[in-house]
$ cat input16.cif   # mmCIF, C-alpha atoms and all ligand atoms
data_my_file
loop_
_atom_site.label_atom_id
_atom_site.label_comp_id
_atom_site.auth_asym_id
_atom_site.auth_seq_id
_atom_site.Cartn_x
_atom_site.Cartn_y
_atom_site.Cartn_z
CA MET A 194 -10.93 -26.83 22.91
CA SER A 195 -14.11 -25.11 24.13
CA ASP A 196 -16.87 -23.90 21.79
CA LYS A 197 -15.81 -20.30 22.18
CA ASP A 198 -12.37 -21.20 20.81
CA VAL A 199 -13.92 -22.45 17.58
CA LEU A 200 -13.86 -19.26 15.50
CA LEU A 201 -15.10 -20.91 12.35
CA GLU A 202 -16.09 -24.41 11.31
CA VAL A 203 -14.04 -24.96 8.15
CA THR A 204 -16.13 -26.83 5.62
CA SER A 205 -15.51 -27.92 2.03
CA ASP A 206 -17.14 -24.62 0.96
CA HIS A 207 -14.06 -22.81 2.28
CA LEU A 208 -11.65 -24.76 0.10
CA ASN A 209 -10.11 -23.08 -2.95
CA THR A 210 -11.58 -19.69 -1.96
CA GLY A 211 -8.28 -17.95 -1.24
CA MET A 212 -8.84 -18.52 2.51
CA ARG A 213 -11.65 -15.92 2.49
CA GLY A 214 -12.91 -15.42 6.04
CA VAL A 215 -10.82 -18.23 7.52
CA PRO A 216 -9.14 -16.89 10.70
CA VAL A 217 -5.42 -17.73 10.75
CA GLY A 218 -3.86 -15.40 13.28
CA THR A 219 -4.01 -12.18 15.28
CA CYS A 220 -2.82 -8.74 14.24
CA ARG A 221 -1.44 -6.11 16.63
CA THR A 222 -1.12 -3.19 14.23
CA SER A 223 -4.47 -2.69 12.48
CA PHE A 224 -7.97 -3.90 11.68
CA VAL A 225 -10.66 -2.93 9.18
CA THR A 226 -14.35 -2.36 9.95
CA PRO A 227 -17.17 -2.07 7.36
CA SER A 228 -18.16 1.42 8.56
CA GLU A 229 -14.92 3.15 9.63
CA GLY A 230 -12.38 1.35 7.48
CA VAL A 231 -8.85 0.78 8.69
CA HIS A 232 -7.77 1.53 12.27
CA TYR A 233 -4.10 1.65 13.25
CA CYS A 234 -3.57 0.37 16.81
CA GLY A 235 -7.17 1.25 17.64
CA TYR A 236 -7.25 4.74 16.08
CA PRO A 237 -9.64 5.20 13.13
CA ILE A 238 -7.65 6.36 10.10
CA THR A 239 -9.57 9.67 9.92
CA GLU A 240 -7.92 10.67 13.22
CA LEU A 241 -4.45 9.93 11.87
CA ALA A 242 -4.51 11.33 8.32
CA ALA A 243 -2.80 14.62 9.25
CA PHE A 244 0.06 13.05 11.25
CA ALA A 245 3.63 12.89 9.90
CA PRO A 246 4.62 9.46 8.50
CA GLU A 247 7.41 9.17 11.12
CA ASP A 248 4.83 9.40 13.95
CA ILE A 249 2.65 6.70 12.38
CA ILE A 250 5.70 4.46 11.94
CA TYR A 251 6.30 4.93 15.67
CA LEU A 252 2.63 4.02 16.33
CA LEU A 253 2.77 0.83 14.26
CA PHE A 254 5.94 -0.40 15.94
CA ASN A 255 5.15 0.74 19.50
CA LYS A 256 1.34 0.52 19.49
CA GLU A 257 0.98 4.05 20.92
CA LEU A 258 1.29 7.54 19.46
CA PRO A 259 4.60 9.18 20.30
CA THR A 260 5.07 12.00 22.79
CA SER A 261 6.99 14.94 21.32
CA GLU A 262 10.19 13.48 22.78
CA GLN A 263 9.50 10.04 21.25
CA SER A 264 8.64 11.73 17.96
CA ALA A 265 12.06 13.42 17.95
CA GLN A 266 13.69 10.09 18.88
CA ILE A 267 12.16 8.15 15.96
CA ARG A 268 13.24 10.90 13.54
CA SER A 269 16.76 10.77 14.91
CA GLU A 270 16.83 6.94 14.73
CA LEU A 271 15.67 7.03 11.09
CA ALA A 272 18.30 9.66 10.28
CA GLN A 273 21.03 7.44 11.77
CA ARG A 274 19.87 4.49 9.71
CA ALA A 275 19.27 6.42 6.44
CA THR A 276 22.62 6.10 4.71
CA ILE A 277 22.89 3.07 2.43
CA PRO A 278 26.23 1.42 3.29
CA GLY A 279 27.07 0.27 -0.24
CA ASP A 280 26.47 0.76 -3.94
CA LEU A 281 22.77 0.51 -4.73
CA GLU A 282 22.96 2.72 -7.79
CA SER A 283 25.00 0.36 -9.97
CA VAL A 284 22.43 -2.40 -9.37
CA LEU A 285 19.64 -0.08 -10.54
CA HIS A 286 21.69 1.05 -13.54
CA ALA A 287 21.80 -2.60 -14.69
CA LEU A 288 17.99 -3.00 -14.80
CA PRO A 289 16.00 -2.87 -18.06
CA THR A 290 14.12 0.43 -18.27
CA THR A 291 11.23 -1.52 -19.79
CA GLY A 292 10.69 -3.24 -16.43
CA HIS A 293 7.69 -2.14 -14.35
CA PRO A 294 8.61 0.22 -11.47
CA MET A 295 7.27 -2.36 -8.97
CA ASP A 296 9.82 -4.88 -10.26
CA TRP A 297 12.52 -2.22 -9.81
CA LEU A 298 11.32 -1.61 -6.27
CA SER A 299 11.40 -5.31 -5.43
CA VAL A 300 14.91 -5.74 -6.88
CA GLY A 301 16.03 -2.56 -5.07
CA ILE A 302 14.81 -3.92 -1.73
CA HIS A 303 16.61 -7.21 -2.36
CA ALA A 304 19.78 -5.27 -3.21
CA LEU A 305 19.51 -3.28 0.03
CA GLY A 306 19.40 -6.59 1.90
CA MET A 307 22.47 -7.85 0.05
CA ILE A 308 24.30 -4.65 0.94
CA GLU A 309 23.50 -5.00 4.64
CA THR A 310 21.43 -7.37 6.76
CA THR A 311 21.83 -7.41 10.55
CA ASN A 312 19.47 -10.38 11.13
CA ASP A 313 17.83 -8.46 13.96
CA TRP A 314 14.19 -8.19 12.88
CA ARG A 315 13.55 -4.71 14.25
CA SER A 316 16.89 -3.24 13.12
CA ASP A 317 16.44 -4.59 9.61
CA ALA A 318 12.84 -3.30 9.44
CA MET A 319 13.90 0.18 10.61
CA ASN A 320 16.93 0.25 8.28
CA LEU A 321 14.71 -0.62 5.34
CA ILE A 322 12.13 2.04 6.29
CA ALA A 323 14.92 4.62 6.63
CA ARG A 324 16.40 3.72 3.22
CA MET A 325 13.13 3.59 1.24
CA PRO A 326 12.98 7.34 0.35
CA ARG A 327 16.39 7.20 -1.32
CA LEU A 328 15.58 3.91 -3.06
CA MET A 329 12.28 5.36 -4.33
CA GLY A 330 13.96 8.51 -5.63
CA LEU A 331 16.71 6.50 -7.34
CA VAL A 332 14.17 4.16 -8.98
CA PHE A 333 12.48 7.16 -10.62
CA ARG A 334 15.73 8.90 -11.58
CA ILE A 335 17.64 5.93 -12.98
CA ARG A 336 14.67 4.25 -14.69
CA GLU A 337 13.84 7.54 -16.43
CA GLY A 338 17.50 8.13 -17.37
CA ARG A 339 17.80 11.31 -15.27
CA THR A 340 21.12 10.19 -13.86
CA GLU A 341 23.09 13.47 -13.95
CA ASN A 342 23.48 15.59 -10.81
CA ILE A 343 21.41 13.48 -8.43
CA PRO A 344 21.44 15.51 -5.18
CA ALA A 345 23.16 13.91 -2.18
CA ASP A 346 20.79 12.45 0.40
CA ASP A 347 20.22 14.50 3.55
CA PRO A 348 19.63 11.95 6.33
CA ASP A 349 18.31 14.63 8.70
CA ALA A 350 15.45 15.65 6.41
CA SER A 351 12.00 14.06 6.78
CA LEU A 352 11.36 10.78 4.92
CA VAL A 353 9.19 12.53 2.32
CA ASP A 354 11.58 15.47 1.86
CA ARG A 355 14.41 13.02 1.20
CA PHE A 356 12.39 11.47 -1.65
CA VAL A 357 11.35 14.87 -3.04
CA ASN A 358 14.98 16.10 -2.88
CA THR A 359 16.33 13.01 -4.65
CA LEU A 360 13.62 13.25 -7.31
CA ASP A 361 14.45 16.95 -7.79
CA LEU A 362 11.77 17.63 -10.45
CA ASP A 363 11.73 21.03 -12.17
CA GLY A 364 8.70 23.29 -11.91
CA ILE A 365 6.92 21.56 -9.07
CA ASP A 366 5.43 22.94 -5.87
CA LYS A 367 7.56 21.09 -3.29
CA GLU A 368 5.28 22.01 -0.41
CA LYS A 369 2.22 20.53 -2.14
CA MET A 370 4.19 17.46 -3.20
CA THR A 371 5.35 16.85 0.38
CA ARG A 372 1.81 17.25 1.70
CA VAL A 373 0.23 14.86 -0.83
CA ILE A 374 2.91 12.17 -0.41
CA SER A 375 2.91 12.42 3.41
CA THR A 376 -0.86 11.96 3.49
CA TYR A 377 -0.64 9.15 0.93
CA LEU A 378 1.94 7.29 3.03
CA VAL A 379 -0.02 7.59 6.26
CA LEU A 380 -3.27 6.40 4.63
CA HIS A 381 -1.64 3.36 3.00
CA MET A 382 0.76 2.08 5.68
CA ASP A 383 -1.27 -0.87 6.94
CA HIS A 384 -4.54 -2.68 6.26
CA GLY A 385 -5.00 -5.61 8.65
CA GLY A 386 -3.13 -8.90 8.57
CA GLY A 387 -4.70 -10.87 5.73
CA ASN A 388 -4.27 -8.69 2.63
CA LEU A 389 -2.20 -10.54 0.04
CA SER A 390 1.07 -8.58 0.29
CA THR A 391 1.14 -8.50 4.10
CA PHE A 392 0.24 -12.17 4.32
CA THR A 393 2.91 -13.05 1.74
CA GLY A 394 5.57 -11.05 3.59
CA LYS A 395 4.74 -12.70 6.91
CA ALA A 396 4.64 -16.16 5.31
CA ILE A 397 8.12 -15.70 3.82
CA ALA A 398 9.49 -14.34 7.11
CA SER A 399 8.00 -17.36 8.95
CA GLY A 400 10.70 -19.47 7.27
CA HIS A 401 13.25 -17.04 8.78
CA ALA A 402 14.21 -15.57 5.42
CA THR A 403 15.42 -12.00 5.94
CA ILE A 404 13.04 -9.08 6.20
CA TYR A 405 14.44 -7.89 2.85
CA SER A 406 13.49 -11.17 1.11
CA ALA A 407 10.11 -11.10 2.81
CA MET A 408 9.49 -7.49 1.77
CA ALA A 409 10.64 -8.04 -1.82
CA GLY A 410 8.13 -10.95 -1.96
CA ALA A 411 5.45 -8.74 -0.44
CA MET A 412 6.10 -6.13 -3.15
CA ASN A 413 5.77 -8.80 -5.84
CA ALA A 414 2.40 -9.73 -4.35
CA LEU A 415 1.36 -6.06 -4.24
CA SER A 416 2.26 -5.55 -7.89
CA GLY A 417 -0.68 -7.61 -9.19
CA PRO A 418 -3.56 -5.81 -10.92
CA LEU A 419 -6.09 -7.28 -8.49
CA HIS A 420 -4.12 -5.91 -5.53
CA GLY A 421 -1.88 -2.81 -5.35
CA ARG A 422 -1.75 -2.07 -9.06
CA ALA A 423 -5.45 -1.11 -8.96
CA ASN A 424 -4.31 2.47 -8.17
CA GLN A 425 -2.47 2.64 -11.51
CA SER A 426 -5.58 1.32 -13.31
CA CYS A 427 -7.72 3.84 -11.47
CA LEU A 428 -5.91 6.93 -12.80
CA GLU A 429 -5.79 5.33 -16.26
CA PHE A 430 -9.59 4.96 -15.94
CA VAL A 431 -10.01 8.62 -14.89
CA LEU A 432 -7.93 9.75 -17.88
CA ARG A 433 -10.18 7.65 -20.13
CA VAL A 434 -13.34 9.30 -18.67
CA GLY A 435 -11.86 12.61 -19.84
CA THR A 436 -14.79 14.87 -18.86
CA SER A 437 -16.39 16.14 -15.67
CA ASP A 438 -19.78 16.67 -17.29
CA ALA A 439 -22.20 14.62 -15.16
CA ALA A 440 -24.35 13.33 -18.04
CA LYS A 441 -21.29 12.24 -20.04
CA VAL A 442 -19.68 10.63 -16.99
CA GLU A 443 -22.87 8.68 -16.32
CA ALA A 444 -22.98 7.50 -19.95
CA PHE A 445 -19.31 6.43 -19.65
CA VAL A 446 -19.93 4.47 -16.43
CA ARG A 447 -22.94 2.72 -17.93
CA ALA A 448 -20.97 1.82 -21.05
CA GLU A 449 -18.14 0.36 -18.94
CA LEU A 450 -20.61 -1.78 -17.00
CA ALA A 451 -22.30 -2.89 -20.22
CA ALA A 452 -18.88 -3.92 -21.56
CA LYS A 453 -18.33 -5.95 -18.31
CA ARG A 454 -15.44 -3.72 -17.26
CA PRO A 455 -14.96 -2.60 -13.63
CA VAL A 456 -15.76 0.95 -12.59
CA PHE A 457 -12.39 1.63 -10.97
CA GLY A 458 -12.25 3.45 -7.64
CA PHE A 459 -15.55 2.03 -6.40
CA GLY A 460 -16.40 -1.02 -4.29
CA HIS A 461 -14.61 -2.86 -1.50
CA ALA A 462 -14.36 -6.37 -0.10
CA VAL A 463 -14.91 -5.28 3.54
CA LEU A 464 -16.04 -1.65 3.67
CA ARG A 465 -19.73 -0.85 3.24
CA THR A 466 -19.45 2.98 3.14
CA GLU A 467 -17.11 5.37 1.33
CA ASP A 468 -13.57 4.54 2.40
CA PRO A 469 -12.48 7.24 4.91
CA ARG A 470 -9.12 7.22 3.10
CA ALA A 471 -10.97 8.40 -0.02
CA THR A 472 -12.85 11.03 2.01
CA ALA A 473 -9.54 12.34 3.43
CA GLN A 474 -8.00 12.59 -0.04
CA PHE A 475 -11.07 14.38 -1.46
CA ALA A 476 -10.74 16.92 1.39
CA LEU A 477 -7.05 17.40 0.58
CA GLY A 478 -7.86 17.84 -3.12
CA GLU A 479 -10.47 20.52 -2.31
CA GLU A 480 -7.71 22.42 -0.52
CA ILE A 481 -4.87 22.09 -2.99
CA CYS A 482 -6.35 21.51 -6.45
CA PRO A 483 -10.12 22.14 -6.70
CA GLU A 484 -9.77 23.26 -10.32
CA ASP A 485 -7.58 20.38 -11.51
CA GLU A 486 -9.30 18.60 -14.45
CA ASN A 487 -8.76 15.10 -13.08
CA PHE A 488 -9.90 16.18 -9.63
CA LYS A 489 -13.09 17.53 -11.17
CA ILE A 490 -13.61 14.20 -12.97
CA ILE A 491 -13.28 12.17 -9.76
CA LYS A 492 -15.66 14.54 -7.98
CA THR A 493 -18.27 13.91 -10.67
CA LEU A 494 -17.57 10.17 -10.55
CA ARG A 495 -18.10 10.29 -6.77
CA GLU A 496 -21.58 11.79 -7.38
CA VAL A 497 -22.58 9.60 -10.31
CA ALA A 498 -21.02 6.14 -9.95
CA PRO A 499 -22.49 5.09 -6.55
CA ARG A 500 -25.99 5.83 -7.87
CA VAL A 501 -25.43 3.79 -11.04
CA LEU A 502 -23.65 0.91 -9.26
CA SER A 503 -26.45 0.74 -6.64
CA GLU A 504 -28.81 -0.38 -9.40
CA ASN A 505 -27.00 -3.74 -9.31
CA PRO A 506 -27.99 -5.50 -6.05
CA LYS A 507 -24.97 -7.84 -6.32
CA ILE A 508 -22.57 -4.95 -5.65
CA SER A 509 -22.14 -4.84 -1.87
CA ASN A 510 -20.51 -1.40 -1.74
CA PRO A 511 -21.10 1.10 -4.56
CA ASN A 512 -19.09 3.84 -2.82
CA ALA A 513 -15.64 5.30 -3.51
CA ASN A 514 -12.60 3.33 -2.37
CA VAL A 515 -9.07 4.50 -1.50
CA ASP A 516 -7.85 4.37 -5.08
CA ILE A 517 -10.36 6.86 -6.53
CA ALA A 518 -8.46 9.99 -5.52
CA SER A 519 -4.80 9.11 -4.97
CA GLY A 520 -3.92 9.07 -8.68
CA ALA A 521 -5.52 12.46 -9.36
CA LEU A 522 -3.57 14.00 -6.47
CA LEU A 523 -0.25 12.42 -7.49
CA HIS A 524 -0.86 13.55 -11.07
CA HIS A 525 -1.57 17.10 -9.90
CA ILE A 526 1.74 17.42 -8.01
CA GLY A 527 3.72 16.45 -11.11
CA LEU A 528 3.89 12.64 -10.89
CA THR A 529 2.08 12.12 -14.16
CA ASP A 530 3.09 8.54 -15.04
CA PRO A 531 0.58 6.16 -13.38
CA THR A 532 2.91 3.15 -13.76
CA TYR A 533 4.78 4.49 -10.70
CA TYR A 534 1.74 4.80 -8.44
CA THR A 535 1.93 1.33 -6.89
CA THR A 536 5.51 2.04 -5.76
CA PHE A 537 4.11 4.67 -3.36
CA PHE A 538 1.69 2.04 -2.05
CA GLY A 539 4.67 -0.30 -1.60
CA TRP A 540 6.78 2.35 0.09
CA ALA A 541 3.96 3.02 2.58
CA ARG A 542 3.30 -0.68 3.26
CA VAL A 543 6.94 -1.36 4.16
CA ALA A 544 6.08 0.22 7.54
CA GLY A 545 2.96 -1.86 8.24
CA ILE A 546 4.33 -5.11 6.87
CA GLY A 547 7.64 -4.51 8.67
CA ALA A 548 5.84 -3.94 11.99
CA GLN A 549 3.68 -7.05 11.49
CA ILE A 550 6.71 -9.19 10.67
CA VAL A 551 8.50 -7.94 13.80
CA ASP A 552 5.37 -8.82 15.84
CA GLU A 553 5.07 -12.30 14.32
CA ARG A 554 8.76 -13.05 14.67
CA SER A 555 9.47 -11.64 18.12
CA VAL A 556 6.23 -10.98 20.05
CA MET A 557 3.59 -13.62 19.21
CA ARG A 558 3.42 -16.76 21.38
CA ASN A 559 5.18 -15.00 24.28
CA GLY A 560 8.13 -14.03 22.13
CA LYS A 561 8.64 -17.46 20.51
CA GLY A 562 7.14 -16.21 17.28
CA THR A 563 4.60 -17.71 14.87
CA PRO A 564 5.87 -21.03 13.47
CA LEU A 565 6.58 -21.77 9.82
CA TYR A 566 3.37 -21.22 7.80
CA ARG A 567 1.93 -24.57 6.70
CA PRO A 568 -1.79 -24.53 5.83
CA LYS A 569 -3.35 -27.87 4.98
CA TYR A 570 -4.26 -28.87 1.44
CA ILE A 571 -6.58 -31.83 0.90
CA ALA A 572 -5.54 -34.31 -1.76
CA GLU A 573 -7.96 -34.44 -4.68
CA GLU A 574 -9.26 -37.83 -5.73
CA GLN A 575 -7.33 -37.80 -9.00
CA SER A 576 -4.02 -37.38 -7.11
CA LEU A 577 -4.84 -40.47 -5.02
CA ARG A 578 -5.41 -42.84 -7.95
CA HIS A 579 -2.16 -44.81 -7.44
CA VAL A 580 -2.72 -45.17 -3.69
CA GLU A 581 -4.06 -48.57 -2.60
N1 LIG B 601 -17.44 -2.11 -10.95
C1 LIG B 601 -18.00 -3.17 -11.59
N2 LIG B 601 -18.41 -4.28 -10.94
C2 LIG B 601 -18.27 -4.31 -9.60
C3 LIG B 601 -17.74 -3.23 -8.89
C4 LIG B 601 -17.30 -2.10 -9.61
N3 LIG B 601 -16.73 -1.05 -9.02
N4 LIG B 601 -17.71 -3.55 -7.57
C5 LIG B 601 -18.22 -4.79 -7.47
N5 LIG B 601 -18.56 -5.25 -8.69
C6 LIG B 601 -19.08 -6.58 -9.04
C7 LIG B 601 -18.01 -7.64 -8.72
O1 LIG B 601 -17.10 -7.80 -9.78
C8 LIG B 601 -18.87 -8.87 -8.49
O2 LIG B 601 -19.27 -9.36 -9.75
P1 LIG B 601 -19.42 -10.96 -10.01
O3 LIG B 601 -20.46 -11.41 -9.03
O4 LIG B 601 -19.85 -11.03 -11.44
O5 LIG B 601 -18.07 -11.57 -9.72
C9 LIG B 601 -20.12 -8.28 -7.81
O6 LIG B 601 -20.16 -6.89 -8.18
C10 LIG B 601 -20.09 -8.38 -6.30
O7 LIG B 601 -18.87 -7.85 -5.81
P2 LIG B 601 -18.70 -7.36 -4.30
O8 LIG B 601 -19.02 -8.50 -3.39
O9 LIG B 601 -19.47 -6.10 -4.10
O10 LIG B 601 -17.17 -6.98 -4.22
P3 LIG B 601 -15.87 -7.92 -4.23
O11 LIG B 601 -15.43 -8.10 -2.82
O12 LIG B 601 -16.08 -9.14 -5.05
O13 LIG B 601 -14.84 -6.98 -5.02
C11 LIG B 601 -13.55 -5.05 -5.59
C12 LIG B 601 -14.29 -5.81 -4.46
C13 LIG B 601 -12.81 -3.87 -4.98
C14 LIG B 601 -12.55 -6.01 -6.27
C15 LIG B 601 -14.62 -4.57 -6.61
O14 LIG B 601 -15.48 -3.67 -5.98
C16 LIG B 601 -14.02 -3.93 -7.86
O15 LIG B 601 -13.65 -4.62 -8.79
N6 LIG B 601 -13.91 -2.57 -7.87
C17 LIG B 601 -13.33 -1.86 -9.01
C18 LIG B 601 -11.82 -1.98 -9.02
C19 LIG B 601 -11.19 -1.17 -7.91
O16 LIG B 601 -11.53 -0.01 -7.68
N7 LIG B 601 -10.23 -1.77 -7.19
C20 LIG B 601 -9.57 -1.08 -6.10
C21 LIG B 601 -9.84 -1.74 -4.76
C22 LIG B 601 -9.24 -0.92 -3.66
C23 LIG B 601 -8.94 -1.72 -2.43
O17 LIG B 601 -9.54 -2.75 -2.13
N8 LIG B 601 -8.01 -1.29 -1.67
O18 LIG B 601 -7.67 -1.94 -0.51
#
$ encode --input "input16.cif" --output "structure tokens" --more "lines below"
Ligand code: HAX
Amino acid sequence: MSDKDVLLEVTSDHLNTGMRGVPVGTCRTSFVTPSEGVHYCGYPITELAAFAPEDIIYLLFNKELPTSEQSAQIRSELAQRATIPGDLESVLHALPTTGHPMDWLSVGIHALGMIETTNDWRSDAMNLIARMPRLMGLVFRIREGRTENIPADDPDASLVDRFVNTLDLDGIDKEKMTRVISTYLVLHMDHGGGNLSTFTGKAIASGHATIYSAMAGAMNALSGPLHGRANQSCLEFVLRVGTSDAAKVEAFVRAELAAKRPVFGFGHAVLRTEDPRATAQFALGEEICPEDENFKIIKTLREVAPRVLSENPKISNPNANVDIASGALLHHIGLTDPTYYTTFFGWARVAGIGAQIVDERSVMRNGKGTPLYRPKYIAEEQSLRHVE
């Protein structure tokens, strides 16, 4: 091995740090930079925010944006795969309504795999993507007990319209809802190879478990409060702020810091500017709900919190992250229960994680695939005490 092949000298300082900064593989779908955030297949996310989710799914799987013909083809492929060939609903009816929606989503994905698995990585990934809108809609409807008159699925509708139609909420602006969810999905589909849920999904798939098992595991990883569930906490935080008055918001932020609680929606492990995904959602909010109370609160937070957080030199990025605005927008369109917010994150990530699993299983190492994950753990002295 030449020097240039040594990407990092692993020392004892790297042990028990959650593999922070230790290179373990390559990623073909996305990367994150400190200044421009996530890029999908080389495109900065700001250039992609207005695309339809179907076109970004095409990008993640094919590594290029679709022509109009390819865009029609992916929509038609997803329509052909949309119908669930078995009884998902009775599985969901059996689940405790006290369970968190992320647990419902994980069980639902497992059930889809038990209903049909082809064992072809790409087919299974595309089937799952095509069936997610119906699963998402059914999770909401059945968990909330709205089980009467669930509209039939229309496979030819867009992915987001199929969810909105299944949900079938009274008194909502369907056009706004479609716009917010489409943008949300595109912004959240992928985030490099090493985030916990993606890594977990790829690790499970490396043992040749099905993509459904891998994705259910990925959703379990995403459900943790330090990972995907931060978007639920963020809207809960905004509701607690409760005012858009700048002086009161500043007092609230200072009190949270004094109580050693996080100021949700700010800070990032990699980014060193405002997350462009937050910027895109603020722009969308200005268009569709500038007078919404929660939107006004997050706008004030965006002005106040970075200034207050900057006073602490330990905080590497005091700016807004992706989670600051998504909850306010989802709340505005009628999705008022924050416990569901991480399921949208999960729905979006099925595309990125699915594409990365397909790459690791059928493209990496000239098509042989990445081998079974097996990082090395060093035995601690105490565990060696009976060894001569
Ligand atoms: N509020 C309070 N304290 C913060 C903070 C914030 N918004 N951001 C950073 N800090 C603190 C950290 O807790 C850490 O404190 P300790 O040294 O006492 O452990 C210190 O400042 C340095 O942290 P950092 O190096 O700047 O950031 P980390 O990589 O450790 O953490 C987090 C990144 C996102 C976890 C962090 O900024 C945070 O807790 N933010 C608030 C919660 C939140 O909004 N989470 C959503 C993240 C969205 C995301 O990553 N999506 O992909």
$ residues_near_ligand --input "input16.cif" --ligand "ligand LIG 601 (chain B)" --cutoff "10 Å" --atoms "only C-alpha atoms and all ligand atoms" --output "ChimeraX atom specification"
/A:230-231,381,383-384,388,418-427,430,446-447,449-451,453-465,468,470,498-499,501-503,505-517
$ write_last_selection --input "input16.cif" --atoms "C-alpha atoms" --output "CSV table (one decimal), keeping the file's coordinate frame"
chain,number,residue,atom,x,y,z
A,230,GLY,CA,-12.4,1.4,7.5
A,231,VAL,CA,-8.8,0.8,8.7
A,381,HIS,CA,-1.6,3.4,3.0
A,383,ASP,CA,-1.3,-0.9,6.9
A,384,HIS,CA,-4.5,-2.7,6.3
A,388,ASN,CA,-4.3,-8.7,2.6
A,418,PRO,CA,-3.6,-5.8,-10.9
A,419,LEU,CA,-6.1,-7.3,-8.5
A,420,HIS,CA,-4.1,-5.9,-5.5
A,421,GLY,CA,-1.9,-2.8,-5.4
A,422,ARG,CA,-1.8,-2.1,-9.1
A,423,ALA,CA,-5.4,-1.1,-9.0
A,424,ASN,CA,-4.3,2.5,-8.2
A,425,GLN,CA,-2.5,2.6,-11.5
A,426,SER,CA,-5.6,1.3,-13.3
A,427,CYS,CA,-7.7,3.8,-11.5
A,430,PHE,CA,-9.6,5.0,-15.9
A,446,VAL,CA,-19.9,4.5,-16.4
A,447,ARG,CA,-22.9,2.7,-17.9
A,449,GLU,CA,-18.1,0.4,-18.9
A,450,LEU,CA,-20.6,-1.8,-17.0
A,451,ALA,CA,-22.3,-2.9,-20.2
A,453,LYS,CA,-18.3,-6.0,-18.3
A,454,ARG,CA,-15.4,-3.7,-17.3
A,455,PRO,CA,-15.0,-2.6,-13.6
A,456,VAL,CA,-15.8,1.0,-12.6
A,457,PHE,CA,-12.4,1.6,-11.0
A,458,GLY,CA,-12.2,3.4,-7.6
A,459,PHE,CA,-15.6,2.0,-6.4
A,460,GLY,CA,-16.4,-1.0,-4.3
A,461,HIS,CA,-14.6,-2.9,-1.5
A,462,ALA,CA,-14.4,-6.4,-0.1
A,463,VAL,CA,-14.9,-5.3,3.5
A,464,LEU,CA,-16.0,-1.6,3.7
A,465,ARG,CA,-19.7,-0.8,3.2
A,468,ASP,CA,-13.6,4.5,2.4
A,470,ARG,CA,-9.1,7.2,3.1
A,498,ALA,CA,-21.0,6.1,-10.0
A,499,PRO,CA,-22.5,5.1,-6.6
A,501,VAL,CA,-25.4,3.8,-11.0
A,502,LEU,CA,-23.6,0.9,-9.3
A,503,SER,CA,-26.4,0.7,-6.6
A,505,ASN,CA,-27.0,-3.7,-9.3
A,506,PRO,CA,-28.0,-5.5,-6.0
A,507,LYS,CA,-25.0,-7.8,-6.3
A,508,ILE,CA,-22.6,-5.0,-5.6
A,509,SER,CA,-22.1,-4.8,-1.9
A,510,ASN,CA,-20.5,-1.4,-1.7
A,511,PRO,CA,-21.1,1.1,-4.6
A,512,ASN,CA,-19.1,3.8,-2.8
A,513,ALA,CA,-15.6,5.3,-3.5
A,514,ASN,CA,-12.6,3.3,-2.4
A,515,VAL,CA,-9.1,4.5,-1.5
A,516,ASP,CA,-7.8,4.4,-5.1
A,517,ILE,CA,-10.4,6.9,-6.5
$ atom_distance --input "input16.cif" --atom1 "CA of Met319 (chain A)" --atom2 "CA of Pro294 (chain A)"
22.7 Å
$ atom_distance --input "input16.cif" --atom1 "CA of Arg221 (chain A)" --atom2 "CA of Ala323 (chain A)"
22.0 Å
$ residues_near_point --input "input16.cif" --point "(4.4, 2.1, -13.6)" --cutoff "9 Å" --atoms "all atoms listed in the file" --output "VMD selection string"
chain A and resid 292 to 295 422 425 530 to 536
$ atom_distance --input "input16.cif" --atom1 "CA of Arg315 (chain A)" --atom2 "CA of Met382 (chain A)"
16.8 Å
$ closest_residue --input "input16.cif" --among "A:Val225, A:Leu271, A:Ile481, A:Ala345" --to "Leu523 (chain A)" --atoms "all atoms listed in the file"
A:Ile481
$ closest_residue --input "input16.cif" --among "A:Gly562, A:Gly417, A:Gly338, A:Gly539" --to "Ser399 (chain A)" --atoms "only C-alpha atoms"
A:Gly562
$ residues_around --input "input16.cif" --residues "Trp297 (chain A)" --least-positions-apart "6" --cutoff "12 Å" --atoms "only C-alpha atoms" --output "NGL selection string"
:A and (281-282 or 284-291 or 303-304 or 328-337 or 409 or 412-413 or 416 or 532-533 or 535-536 or 539)
$ closest_residue --input "input16.cif" --among "A:Lys489, A:Arg542, A:Arg268, A:Arg324" --to "Leu253 (chain A)" --atoms "all atoms listed in the file"
A:Arg542
$ residues_near_point --input "input16.cif" --point "(7.2, -9.1, -2.7)" --cutoff "12 Å" --atoms "only C-alpha atoms" --output "ChimeraX atom specification"
/A:295-303,389-398,404-417,421,536,539-540,542-543,546
$ residues_around --input "input16.cif" --residues "region 244-248 of chain A" --least-positions-apart "5" --cutoff "7 Å" --atoms "all atoms listed in the file" --output "list in words"
Leu258, Pro259, Ser264, Ile267, Arg268, Ser375, Leu378 and Val379 of chain A
$ closest_residue --input "input16.cif" --among "A:Ile322, A:Leu494, A:Val373, A:Ile550" --to "Leu477 (chain A)" --atoms "all atoms listed in the file"
A:Val373
$ closest_residue --input "input16.cif" --among "A:Pro568, A:Pro469, A:Gly400, A:Pro483" --to "Leu241 (chain A)" --atoms "only C-alpha atoms"
A:Pro469
$ closest_residue --input "input16.cif" --among "A:Lys256, A:Ala440, A:Gly218, A:Ala544" --to "Tyr566 (chain A)" --atoms "all atoms listed in the file"
A:Gly218
